[in-house]
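Everything below belongs to start-v4.txt, which stores compact mmCIF, C-alpha atoms and all ligand atoms.
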```txt
# COMPACT_ATOMS: atom_id res chain seq x y z
CA MET A 1 0.00 0.00 0.00
CA GLY A 2 1.38 3.40 -0.92
CA ARG A 3 1.42 6.56 1.10
CA TYR A 4 -1.84 7.74 -0.39
CA GLY A 5 -3.44 4.38 0.42
CA ASP A 6 -2.60 5.08 4.07
CA GLU A 7 -4.09 8.55 3.72
CA ILE A 8 -7.31 7.13 2.30
CA LEU A 9 -7.54 4.46 4.99
CA GLU A 10 -7.03 6.89 7.84
CA ARG A 11 -9.78 9.19 6.60
CA PHE A 12 -12.07 6.35 5.60
CA LEU A 13 -11.96 4.84 9.11
CA ARG A 14 -12.87 8.23 10.54
CA TYR A 15 -15.78 8.79 8.15
CA VAL A 16 -17.44 5.38 8.55
CA LYS A 17 -17.65 5.92 12.32
CA ILE A 18 -19.84 8.98 11.73
CA ASP A 19 -23.47 7.87 11.42
CA THR A 20 -24.97 9.50 8.31
CA GLN A 21 -27.90 7.22 7.60
CA SER A 22 -30.59 8.88 5.47
CA GLU A 23 -34.30 8.27 5.86
CA ALA A 24 -36.91 7.27 3.30
CA GLY A 25 -40.36 8.76 3.11
CA THR A 26 -39.74 12.20 4.62
CA ASP A 27 -40.39 15.37 2.68
CA HIS A 28 -37.61 17.48 4.14
CA PHE A 29 -34.03 17.62 2.91
CA PRO A 30 -31.54 16.60 4.09
CA THR A 31 -33.67 13.73 5.38
CA THR A 32 -31.54 13.47 8.54
CA GLU A 33 -29.68 16.22 10.37
CA LYS A 34 -26.84 13.90 11.34
CA GLN A 35 -25.50 14.02 7.78
CA PHE A 36 -24.19 17.46 8.74
CA ASP A 37 -21.77 15.77 11.17
CA LEU A 38 -19.76 14.49 8.23
CA ALA A 39 -20.32 17.64 6.15
CA TRP A 40 -18.70 19.88 8.80
CA GLN A 41 -15.87 17.38 9.27
CA LEU A 42 -15.18 17.51 5.53
CA GLU A 43 -15.18 21.28 5.55
CA LYS A 44 -12.49 21.23 8.25
CA GLU A 45 -10.33 18.64 6.47
CA LEU A 46 -10.61 20.24 3.03
CA LYS A 47 -9.57 23.60 4.48
CA GLU A 48 -6.61 21.97 6.26
CA ILE A 49 -5.48 20.47 2.98
CA GLY A 50 -5.62 23.86 1.29
CA ALA A 51 -8.52 23.24 -1.10
CA SER A 52 -10.18 26.39 -2.48
CA ASP A 53 -13.77 27.60 -2.25
CA VAL A 54 -14.63 25.19 0.57
CA TYR A 55 -18.28 25.74 1.44
CA VAL A 56 -21.00 23.82 3.27
CA ASP A 57 -24.51 24.79 2.24
CA PRO A 58 -26.08 25.22 5.70
CA LYS A 59 -29.54 24.30 4.42
CA ALA A 60 -28.94 21.64 1.80
CA CYS A 61 -25.98 19.90 3.50
CA VAL A 62 -23.93 19.87 0.30
CA VAL A 63 -20.15 20.37 0.60
CA TYR A 64 -18.20 22.06 -2.20
CA ALA A 65 -14.47 22.47 -2.78
CA ALA A 66 -12.16 23.17 -5.69
CA ILE A 67 -8.58 22.79 -6.87
CA PRO A 68 -7.74 25.64 -9.24
CA SER A 69 -6.37 25.00 -12.70
CA ASN A 70 -2.58 24.94 -12.92
CA LEU A 71 -2.51 25.15 -16.71
CA PRO A 72 -0.48 28.08 -18.09
CA ASP A 73 -3.53 30.23 -18.82
CA GLY A 74 -5.53 28.92 -15.86
CA GLY A 75 -7.96 27.36 -18.31
CA GLY A 76 -9.08 23.88 -19.23
CA LEU A 77 -12.38 22.10 -18.97
CA SER A 78 -13.74 22.09 -15.45
CA VAL A 79 -14.23 18.52 -14.14
CA ALA A 80 -16.31 17.67 -11.06
CA PHE A 81 -16.26 14.57 -8.88
CA ILE A 82 -19.26 13.82 -6.72
CA ALA A 83 -19.59 11.50 -3.71
CA HIS A 84 -22.59 10.93 -1.44
CA ILE A 85 -22.20 11.20 2.31
CA ASP A 86 -25.28 9.26 3.44
CA THR A 87 -25.66 5.52 4.01
CA THR A 88 -28.71 3.42 3.22
CA PRO A 89 -31.66 3.04 5.62
CA ASP A 90 -31.57 -0.72 4.86
CA LEU A 91 -29.22 -1.44 7.74
CA SER A 92 -27.89 0.43 10.76
CA GLY A 93 -24.92 2.74 10.19
CA LYS A 94 -24.60 3.58 13.89
CA ASP A 95 -21.59 2.44 15.96
CA VAL A 96 -19.81 1.03 12.95
CA LYS A 97 -16.70 -0.81 14.15
CA PRO A 98 -14.41 -1.08 11.14
CA ARG A 99 -11.54 -3.54 11.24
CA VAL A 100 -8.70 -4.01 8.74
CA VAL A 101 -7.99 -7.59 7.70
CA HIS A 102 -5.09 -8.63 5.51
CA TYR A 103 -6.94 -11.04 3.26
CA GLU A 104 -5.26 -14.26 2.18
CA GLY A 105 -8.36 -15.96 0.78
CA GLY A 106 -11.10 -18.10 2.34
CA ASP A 107 -13.82 -17.02 4.76
CA ILE A 108 -13.59 -14.03 7.10
CA VAL A 109 -15.02 -14.33 10.60
CA LEU A 110 -16.68 -10.99 11.22
CA ASN A 111 -18.04 -11.72 14.66
CA GLU A 112 -16.97 -14.74 16.58
CA GLU A 113 -19.44 -14.26 19.41
CA LEU A 114 -22.46 -13.96 17.11
CA GLY A 115 -21.13 -16.48 14.62
CA ILE A 116 -21.24 -14.07 11.66
CA VAL A 117 -18.96 -15.23 8.86
CA MET A 118 -18.42 -13.76 5.39
CA GLU A 119 -18.13 -16.88 3.28
CA GLU A 120 -16.15 -16.91 0.08
CA ALA A 121 -18.59 -19.44 -1.38
CA GLN A 122 -21.45 -17.00 -0.87
CA PHE A 123 -19.47 -13.94 -2.02
CA PRO A 124 -17.14 -15.13 -4.80
CA VAL A 125 -16.18 -11.49 -5.47
CA MET A 126 -13.86 -11.84 -2.42
CA LYS A 127 -11.47 -13.82 -4.64
CA GLU A 128 -10.65 -10.66 -6.60
CA TYR A 129 -9.19 -9.12 -3.46
CA VAL A 130 -6.80 -11.82 -2.26
CA GLY A 131 -3.63 -10.11 -1.00
CA ASP A 132 -5.44 -6.83 -0.23
CA ASP A 133 -6.15 -5.10 3.05
CA LEU A 134 -9.90 -5.20 3.50
CA VAL A 135 -11.91 -3.00 5.83
CA VAL A 136 -14.80 -5.09 7.22
CA THR A 137 -17.54 -4.67 9.83
CA ASP A 138 -18.19 -6.60 13.03
CA GLY A 139 -21.25 -8.09 11.31
CA THR A 140 -23.81 -5.98 13.19
CA THR A 141 -23.93 -2.90 10.91
CA LEU A 142 -23.14 -1.94 7.36
CA LEU A 143 -19.69 -0.50 6.69
CA GLY A 144 -20.64 2.61 4.75
CA GLY A 145 -17.99 2.02 2.10
CA ASP A 146 -20.90 3.05 -0.11
CA ASP A 147 -20.00 5.82 -0.50
CA LYS A 148 -17.47 6.91 2.10
CA SER A 149 -14.70 5.21 0.14
CA SER A 150 -15.42 7.83 -2.49
CA VAL A 151 -15.59 10.60 0.09
CA ALA A 152 -12.08 9.61 1.24
CA ILE A 153 -10.85 9.29 -2.37
CA GLU A 154 -12.03 12.81 -3.21
CA VAL A 155 -10.46 14.40 -0.14
CA VAL A 156 -7.16 12.65 -0.86
CA LEU A 157 -7.48 13.65 -4.54
CA ALA A 158 -7.39 17.28 -3.45
CA LYS A 159 -4.28 16.58 -1.36
CA TYR A 160 -2.61 14.61 -4.14
CA LEU A 161 -3.10 17.28 -6.80
CA LEU A 162 -1.86 20.04 -4.49
CA GLU A 163 1.23 17.97 -3.63
CA HIS A 164 1.93 17.11 -7.27
CA PRO A 165 2.01 20.39 -9.22
CA GLU A 166 3.73 18.53 -12.07
CA ILE A 167 0.33 17.03 -12.92
CA LYS A 168 -1.20 19.70 -15.14
CA HIS A 169 -4.96 19.92 -14.84
CA GLY A 170 -7.84 22.29 -15.40
CA PRO A 171 -10.23 23.40 -12.63
CA ILE A 172 -11.21 20.40 -10.46
CA LYS A 173 -14.45 20.64 -8.48
CA LEU A 174 -15.50 18.41 -5.62
CA ALA A 175 -19.00 17.92 -4.24
CA PHE A 176 -20.35 15.81 -1.40
CA THR A 177 -24.12 15.35 -1.39
CA PRO A 178 -26.72 13.93 1.05
CA ASP A 179 -29.60 11.50 0.56
CA GLU A 180 -28.45 9.54 -2.49
CA GLU A 181 -29.71 6.31 -0.95
CA VAL A 182 -33.26 7.60 -0.68
CA GLY A 183 -33.46 8.90 -4.24
CA GLY A 184 -32.35 12.44 -3.43
CA GLY A 185 -30.88 12.73 -6.93
CA ALA A 186 -28.52 15.43 -5.67
CA ARG A 187 -31.55 17.71 -5.91
CA ASP A 188 -29.95 20.52 -3.91
CA LEU A 189 -26.59 20.36 -5.64
CA ASP A 190 -26.19 23.90 -6.97
CA LEU A 191 -24.79 23.43 -10.46
CA GLU A 192 -23.95 27.08 -10.77
CA ARG A 193 -21.87 27.03 -7.61
CA LEU A 194 -20.27 23.78 -8.70
CA GLY A 195 -19.30 25.40 -12.00
CA ALA A 196 -18.37 22.19 -13.81
CA ASP A 197 -18.38 21.44 -17.54
CA VAL A 198 -18.46 17.68 -16.98
CA ALA A 199 -18.89 15.54 -13.86
CA TYR A 200 -18.40 12.01 -12.59
CA THR A 201 -19.94 10.39 -9.55
CA ILE A 202 -17.59 7.99 -7.74
CA ASP A 203 -19.78 5.22 -6.38
CA GLY A 204 -20.51 1.57 -7.04
CA ASP A 205 -18.53 -1.65 -6.88
CA GLY A 206 -16.26 -3.59 -9.24
CA LEU A 207 -12.58 -2.99 -9.98
CA GLY A 208 -12.24 -0.98 -13.18
CA ALA A 209 -16.02 -0.69 -13.52
CA TYR A 210 -17.84 2.37 -14.78
CA ASN A 211 -21.41 3.14 -15.80
CA TYR A 212 -22.83 5.61 -18.22
CA GLU A 213 -26.08 3.88 -18.75
CA THR A 214 -28.74 3.52 -16.09
CA PHE A 215 -32.35 2.47 -16.33
CA ASN A 216 -35.03 4.75 -17.68
CA ALA A 217 -37.53 4.69 -14.86
CA ALA A 218 -41.20 5.43 -14.28
CA GLU A 219 -43.80 4.48 -11.71
CA ALA A 220 -47.44 3.78 -12.58
CA GLN A 221 -49.80 4.54 -9.70
CA LEU A 222 -53.30 3.12 -9.94
CA LEU A 223 -56.04 4.49 -7.76
CA ILE A 224 -58.83 1.93 -7.82
CA HIS A 225 -62.42 2.67 -6.81
CA GLY A 226 -64.53 -0.43 -6.18
CA ARG A 227 -68.29 -0.66 -5.95
CA ASN A 228 -68.74 -2.20 -2.54
CA VAL A 229 -72.05 -3.59 -1.28
CA HIS A 230 -73.04 -6.22 1.26
CA PRO A 231 -71.50 -9.49 0.05
CA GLY A 232 -74.88 -11.21 0.50
CA GLN A 233 -76.40 -8.95 -2.14
CA ALA A 234 -73.29 -8.53 -4.27
CA LYS A 235 -74.22 -10.58 -7.30
CA GLY A 236 -73.90 -8.56 -10.48
CA ILE A 237 -73.26 -5.35 -8.51
CA MET A 238 -70.00 -5.53 -6.62
CA ILE A 239 -66.75 -4.42 -8.21
CA ASN A 240 -64.01 -5.57 -5.86
CA ALA A 241 -61.12 -3.07 -5.92
CA LEU A 242 -58.69 -5.62 -4.53
CA GLU A 243 -59.49 -8.12 -7.26
CA LEU A 244 -59.29 -5.42 -9.91
CA GLY A 245 -55.73 -4.66 -8.76
CA VAL A 246 -54.83 -8.34 -8.93
CA GLU A 247 -56.32 -8.52 -12.43
CA PHE A 248 -54.05 -5.65 -13.48
CA ILE A 249 -50.99 -7.35 -11.98
CA ASN A 250 -51.85 -10.54 -13.86
CA MET A 251 -51.91 -8.62 -17.14
CA LEU A 252 -48.20 -7.77 -16.74
CA PRO A 253 -46.02 -10.33 -18.54
CA MET A 254 -44.82 -12.77 -15.88
CA TYR A 255 -41.28 -13.21 -17.19
CA GLU A 256 -40.74 -9.49 -17.47
CA ARG A 257 -40.83 -9.05 -13.70
CA CYS A 258 -37.63 -8.05 -11.89
CA GLN A 259 -37.13 -11.49 -10.34
CA TYR A 260 -36.80 -13.02 -13.80
CA THR A 261 -34.58 -10.42 -15.49
CA GLU A 262 -30.91 -9.44 -15.54
CA GLY A 263 -28.31 -7.55 -17.58
CA ARG A 264 -30.00 -5.24 -20.07
CA GLU A 265 -33.48 -6.75 -19.66
CA GLY A 266 -36.11 -4.33 -18.43
CA TYR A 267 -39.06 -5.13 -16.19
CA PHE A 268 -42.41 -4.34 -14.59
CA HIS A 269 -42.36 -4.50 -10.81
CA PRO A 270 -45.65 -4.19 -8.90
CA TYR A 271 -44.24 -3.50 -5.44
CA ASP A 272 -46.77 -1.79 -3.24
CA PHE A 273 -50.50 -2.58 -3.08
CA LYS A 274 -52.91 -1.55 -0.37
CA ALA A 275 -56.49 -2.55 -1.00
CA THR A 276 -59.87 -3.51 0.36
CA ALA A 277 -62.97 -4.42 -1.64
CA GLU A 278 -63.82 -0.71 -1.47
CA SER A 279 -60.64 0.90 -2.81
CA GLY A 280 -57.03 0.24 -3.63
CA PHE A 281 -53.72 1.92 -4.41
CA LEU A 282 -51.19 0.01 -6.49
CA LYS A 283 -47.69 1.10 -7.45
CA THR A 284 -45.76 -0.52 -10.29
CA LEU A 285 -42.19 0.30 -11.30
CA ILE A 286 -41.22 0.30 -14.97
CA ARG A 287 -37.55 -0.01 -15.89
CA ASP A 288 -35.67 -0.32 -19.16
CA HIS A 289 -32.23 0.70 -20.44
CA ASP A 290 -33.56 1.07 -23.97
CA GLU A 291 -35.56 4.23 -24.41
CA GLU A 292 -37.89 2.86 -27.06
CA ARG A 293 -38.68 -0.27 -25.10
CA PHE A 294 -39.22 1.91 -22.05
CA GLU A 295 -41.84 3.96 -23.91
CA GLU A 296 -43.40 0.73 -25.12
CA ARG A 297 -43.71 -0.50 -21.53
CA LYS A 298 -45.48 2.70 -20.56
CA ARG A 299 -47.86 2.29 -23.50
CA TYR A 300 -48.52 -1.28 -22.38
CA ILE A 301 -49.60 -0.01 -18.94
CA LEU A 302 -51.94 2.46 -20.64
CA LYS A 303 -53.46 -0.35 -22.70
CA CYS A 304 -54.07 -2.49 -19.60
CA VAL A 305 -55.76 0.43 -17.87
CA GLU A 306 -57.91 1.11 -20.95
CA ALA A 307 -58.98 -2.52 -21.09
CA LEU A 308 -59.97 -2.53 -17.43
CA LYS A 309 -61.85 0.75 -17.84
CA GLU A 310 -63.79 -0.73 -20.72
CA LYS A 311 -64.69 -3.74 -18.60
CA TYR A 312 -65.57 -1.98 -15.34
CA GLY A 313 -66.20 1.67 -16.24
CA ASP A 314 -63.98 4.71 -16.66
CA GLU A 315 -64.56 5.91 -13.13
CA ARG A 316 -63.08 2.75 -11.56
CA ILE A 317 -59.40 3.47 -12.26
CA GLU A 318 -57.23 6.55 -12.21
CA LEU A 319 -53.68 6.31 -13.54
CA LYS A 320 -51.01 8.72 -12.34
CA TRP A 321 -47.28 8.70 -13.06
CA GLY A 322 -45.07 8.83 -9.98
CA PRO A 323 -41.38 9.72 -9.75
CA GLY A 324 -38.99 8.57 -12.47
CA TYR A 325 -35.66 9.33 -14.08
CA TRP A 326 -33.93 8.80 -17.38
CA SER A 327 -30.81 6.99 -18.31
CA MET A 328 -27.85 9.37 -18.37
CA LYS A 329 -26.77 7.79 -21.67
CA LYS A 330 -28.37 10.25 -24.05
CA VAL A 331 -26.66 13.17 -22.30
CA VAL A 332 -23.27 11.47 -21.93
CA ASP A 333 -23.33 10.24 -25.55
CA LYS A 334 -23.08 13.86 -26.67
CA VAL A 335 -19.69 14.15 -24.92
CA PRO A 336 -17.98 10.92 -26.01
CA PHE A 337 -14.53 11.95 -24.80
CA MET A 338 -15.80 11.66 -21.20
CA ILE A 339 -15.88 7.89 -21.53
CA ASP A 340 -12.80 7.71 -23.80
CA TYR A 341 -10.66 9.54 -21.22
CA LEU A 342 -12.06 7.48 -18.38
CA VAL A 343 -11.29 4.22 -20.18
CA GLN A 344 -7.79 5.51 -20.91
CA ALA A 345 -7.26 6.38 -17.22
CA ILE A 346 -8.49 2.95 -16.11
CA GLU A 347 -6.27 1.14 -18.63
CA GLU A 348 -3.19 3.17 -17.81
CA ASN A 349 -3.60 2.06 -14.20
CA GLY A 350 -3.42 -1.57 -15.23
CA LEU A 351 -7.12 -2.30 -14.78
CA GLU A 352 -9.51 -3.79 -17.25
CA PRO A 353 -12.29 -1.29 -18.01
CA LYS A 354 -15.72 -2.82 -17.49
CA CYS A 355 -18.71 -0.91 -18.78
CA ILE A 356 -21.75 -1.97 -16.82
CA ALA A 357 -25.33 -0.93 -17.56
CA ALA A 358 -26.51 -0.08 -14.04
CA ARG A 359 -29.72 -1.82 -13.03
CA GLY A 360 -30.82 1.17 -11.06
CA GLY A 361 -30.37 4.90 -11.08
CA THR A 362 -27.55 7.01 -9.71
CA ASP A 363 -27.46 10.65 -8.71
CA GLY A 364 -25.69 10.99 -12.05
CA SER A 365 -28.96 10.16 -13.84
CA ALA A 366 -30.67 13.15 -12.25
CA ILE A 367 -27.61 15.39 -12.64
CA SER A 368 -27.34 14.46 -16.33
CA GLN A 369 -31.04 15.18 -16.72
CA ARG A 370 -30.31 18.69 -15.45
CA GLY A 371 -27.81 19.09 -18.28
CA LEU A 372 -24.47 18.23 -16.66
CA PRO A 373 -23.27 14.90 -18.12
CA CYS A 374 -22.36 12.63 -15.21
CA PRO A 375 -21.27 8.99 -15.63
CA ASN A 376 -20.04 6.92 -12.69
CA ILE A 377 -16.66 5.49 -11.62
CA SER A 378 -16.34 2.58 -9.17
CA ALA A 379 -15.16 3.37 -5.66
CA GLY A 380 -13.49 0.25 -4.20
CA TYR A 381 -16.20 -1.29 -2.04
CA GLU A 382 -18.28 -4.49 -2.43
CA ASN A 383 -21.46 -6.03 -0.95
CA ALA A 384 -23.05 -2.62 -0.33
CA HIS A 385 -26.11 -2.22 1.89
CA SER A 386 -25.23 -5.28 3.95
CA ARG A 387 -23.33 -6.43 7.02
CA PHE A 388 -20.96 -8.14 4.58
CA GLU A 389 -19.89 -4.88 3.00
CA PHE A 390 -16.14 -4.42 2.67
CA ALA A 391 -13.73 -1.97 1.08
CA SER A 392 -10.27 -2.79 -0.22
CA VAL A 393 -7.62 -0.22 0.63
CA GLN A 394 -5.69 -1.13 -2.53
CA ALA A 395 -8.84 -0.81 -4.67
CA MET A 396 -9.62 2.61 -3.17
CA GLU A 397 -6.05 3.68 -3.88
CA LYS A 398 -6.38 2.44 -7.49
CA SER A 399 -9.63 4.31 -7.83
CA LEU A 400 -7.81 7.44 -6.59
CA MET A 401 -5.06 6.93 -9.16
CA VAL A 402 -7.64 6.50 -11.93
CA VAL A 403 -9.20 9.82 -10.98
CA VAL A 404 -5.77 11.52 -10.67
CA ARG A 405 -4.89 10.29 -14.16
CA LEU A 406 -8.28 11.40 -15.46
CA CYS A 407 -7.57 14.94 -14.20
CA GLY A 408 -4.20 14.75 -16.00
CA ILE A 409 -5.76 13.58 -19.26
CA TYR A 410 -8.21 16.48 -19.24
CA GLY A 411 -5.21 18.74 -18.59
CA GLU A 412 -3.59 17.38 -21.77
CA HIS A 413 -6.59 18.64 -23.78
CA PRO A 414 -6.75 22.39 -23.13
CA GLU A 415 -8.25 22.78 -26.61
CA LEU A 416 -11.59 21.59 -25.17
CA LYS A 417 -12.00 24.98 -23.55
CA LYS A 418 -9.97 28.01 -24.48
ZN ZN A 501 -23.81 4.75 -3.28
```

Spell out the structure here as structure tokens.
Amino acid sequence: MGRYGDEILERFLRYVKIDTQSEAGTDHFPTTEKQFDLAWQLEKELKEIGASDVYVDPKACVVYAAIPSNLPDGGGLSVAFIAHIDTTPDLSGKDVKPRVVHYEGGDIVLNEELGIVMEEAQFPVMKEYVGDDLVVTDGTTLLGGDDKSSVAIEVVLAKYLLEHPEIKHGPIKLAFTPDEEVGGGARDLDLERLGADVAYTIDGDGLGAYNYETFNAAEAQLLIHGRNVHPGQAKGIMINALELGVEFINMLPMYERCQYTEGREGYFHPYDFKATAESGFLKTLIRDHDEERFEERKRYILKCVEALKEKYGDERIELKWGPGYWSMKKVVDKVPFMIDYLVQAIEENGLEPKCIAARGGTDGSAISQRGLPCPNISAGYENAHSRFEFASVQAMEKSLMVVVRLCGIYGEHPELKK
């Protein structure tokens, strides 16, 4: 492990001990005040390092910092890197007790007392990290490598660039955002303050992995109004809202549900249904990487609703569209060098670039939708959102070096912005 690996580890251990769990289903942002605990800590550290324009938005809990261009004319394209500071509500992020294990292969006992073991057979990805120093949990909480590995990488990136003036780069912008895990979509990230021409989130697992394609996403919400009467006198009169919802679910193609799909296959996912004979509310997710197929899926939902209206009456069903997002692909495709440079940086660090179509959304989807193209770079953790989460110090250091090189490559292309 190099000196900067030590730097990352030291900061990473500090960050994961700060509980920054976000909360689903609230309508205020940030969803939890405790995310500020890390935000203020970052402000302090970034100032110590000598980063410029360090600022914590006291309302939105977004942290900003910058490393000025060191190109002769102070120019160059401005590149942002974005990490999220929150951890998922899926599992506790309180009292995280990180431990560093030098991994020689096989199973890792996380907690002897409770008998919690991370088994190689269950997590074959462990094999890719033999010989590395892995940060693991005690099996009772998540680790928070998602996305604090990236938080540490970005802070050390600032330090690295300031300590290596021989690396010529344009303006580098850093942002740390709350509430990614609860679909925040970096909504309060002020793009004007950020002042970036292009951006990358650093998040996600897999050595050498990157994503510039996410799902296109929509949610169909059906409000169902039954015609409820006494069951003894129901013949020919009752319309049972619960059964109507089930009928709709049965119209969705069975093998296009999430549990039967993978890779670039899209799906319908009815996931929340509250109903009585009187009324019901049914939510169905629609996901597809391909834009045309995505639109087709939405049309299919419309057709199902039309058919049910014809059968039971227009007034029985109301269709509304809930929250959604698009794939970042169509925005990123317009700036092809973003991916070319990233692939070059990954390759030059001896890693094999792996382009993965994300089966989900990232904050980058929403940021791209706002006009700032924002693909994603992997961060060095695995098994996110679970007690088996771990982060490799060597992988985080490699991820740092990929990003350092990426800054250098942009610096070699001042023609992009005069
Ligand atoms: Zn994440």

Checklist line | Distance in Å - atom CA of Gly380 of chain A versus atom CA of Cys61 of chain A | finding: 24.5 Å

Note to self: Neighbouring residues of ligand ZN 501 (chain A) are defined here as those with any atom at most 9 Å from a ligand atom, counting only C-alpha atoms and all ligand atoms; list them as a PyMOL selection string.
What the structure shows: chain A and resi 83-88+144-148+150+180-181+202-204+362-363+384-385

Next item on the list: Would you mind listing what lies within 12 Å of segment 27-31 of chain A as a ChimeraX atom specification, with all atoms listed in the file counted and same-chain residues fewer than 4 positions away left out?
Entry: /A:20-23,35-36,39,57-62,84-89,177-189

Note to self: I need the residue nearest Gly350 of chain A from this list: A:Met401, A:Ile317, A:Asp205, A:Ala391. Use all atoms listed in the file for the distance.
What the structure shows: A:Met401

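Interatomic distance, atom CA of Cys355 of chain A to atom CA of Phe268 of chain A: 24.3 Å.
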
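Proximity ranking of A:Gly371, A:Gly115, A:Gly263, A:Gly170 relative to Ala358 of chain A places A:Gly263 first, based on all atoms listed in the file.
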
Find the residues around Glu113 of chain A up to 12 Å (all atoms listed in the file counted), leave out those fewer than 6 positions away in its own chain, and share them as an mmCIF file with C-alpha atoms, keeping the file's coordinate frame.
```cif
data_model
loop_
_atom_site.group_PDB
_atom_site.id
_atom_site.type_symbol
_atom_site.label_atom_id
_atom_site.label_comp_id
_atom_site.auth_asym_id
_atom_site.auth_seq_id
_atom_site.Cartn_x
_atom_site.Cartn_y
_atom_site.Cartn_z
ATOM 1 C CA ASP A 138 -18.190 -6.600 13.030
ATOM 2 C CA GLY A 139 -21.250 -8.090 11.310
ATOM 3 C CA THR A 140 -23.810 -5.980 13.190
#
```

Notebook entry, point to check: Leaving out Gly245 of chain A and any residue of its chain fewer than 2 positions from it, which residues lie within 10 Å of it when counting only C-alpha atoms, given as a PyMOL selection string?
Noted result: chain A and resi 222-224+240-243+247-250+273-275+279-283+308+317

Next item on the list: Using only C-alpha atoms, find the one residue out of A:Leu191, A:Ala217, A:Leu400, A:Leu46 that sits nearest to Ser368 of chain A.
Entry: A:Leu191

Margin query: Under the rule that all atoms listed in the file are counted, which of A:Ser69, A:Ser78, A:Ser392, A:Thr26 is the nearest residue to Tyr200 of chain A?
Written below: A:Ser78

Checklist line | Atom pair atom CA of Val101 of chain A / atom CA of Leu42 of chain A: separation (Å) | finding: 26.2 Å

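Nearest to Gly360 of chain A of all the residues A:Val109, A:Val402, A:Met126, A:Met328 is A:Met328, counting all atoms listed in the file.
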
Checklist line | Residue neighbourhood Trp326 of chain A, 9 Å, all atoms listed in the file, exclusion window fewer than 6 positions, as a VMD selection string | finding: chain A and resid 214 to 218 289 291 361 365 to 366 368 to 369

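Counting only C-alpha atoms, the residue from A:Arg387, A:Arg287, A:Lys398, A:His230 that sits nearest to Ile346 of chain A is A:Lys398.
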
Skipping near chain neighbours, those fewer than 5 positions away, what residues fall within 10 Å of Pro72 of chain A using all atoms listed in the file, listed as a PDB file with C-alpha atoms, in the frame of the given file?
```pdb
ATOM      1  CA  LYS A 168      -1.200  19.700 -15.140  1.00  0.00           C
ATOM      2  CA  HIS A 169      -4.960  19.920 -14.840  1.00  0.00           C
ATOM      3  CA  GLY A 170      -7.840  22.290 -15.400  1.00  0.00           C
ATOM      4  CA  PRO A 414      -6.750  22.390 -23.130  1.00  0.00           C
TER       5      PRO A 414
END
```
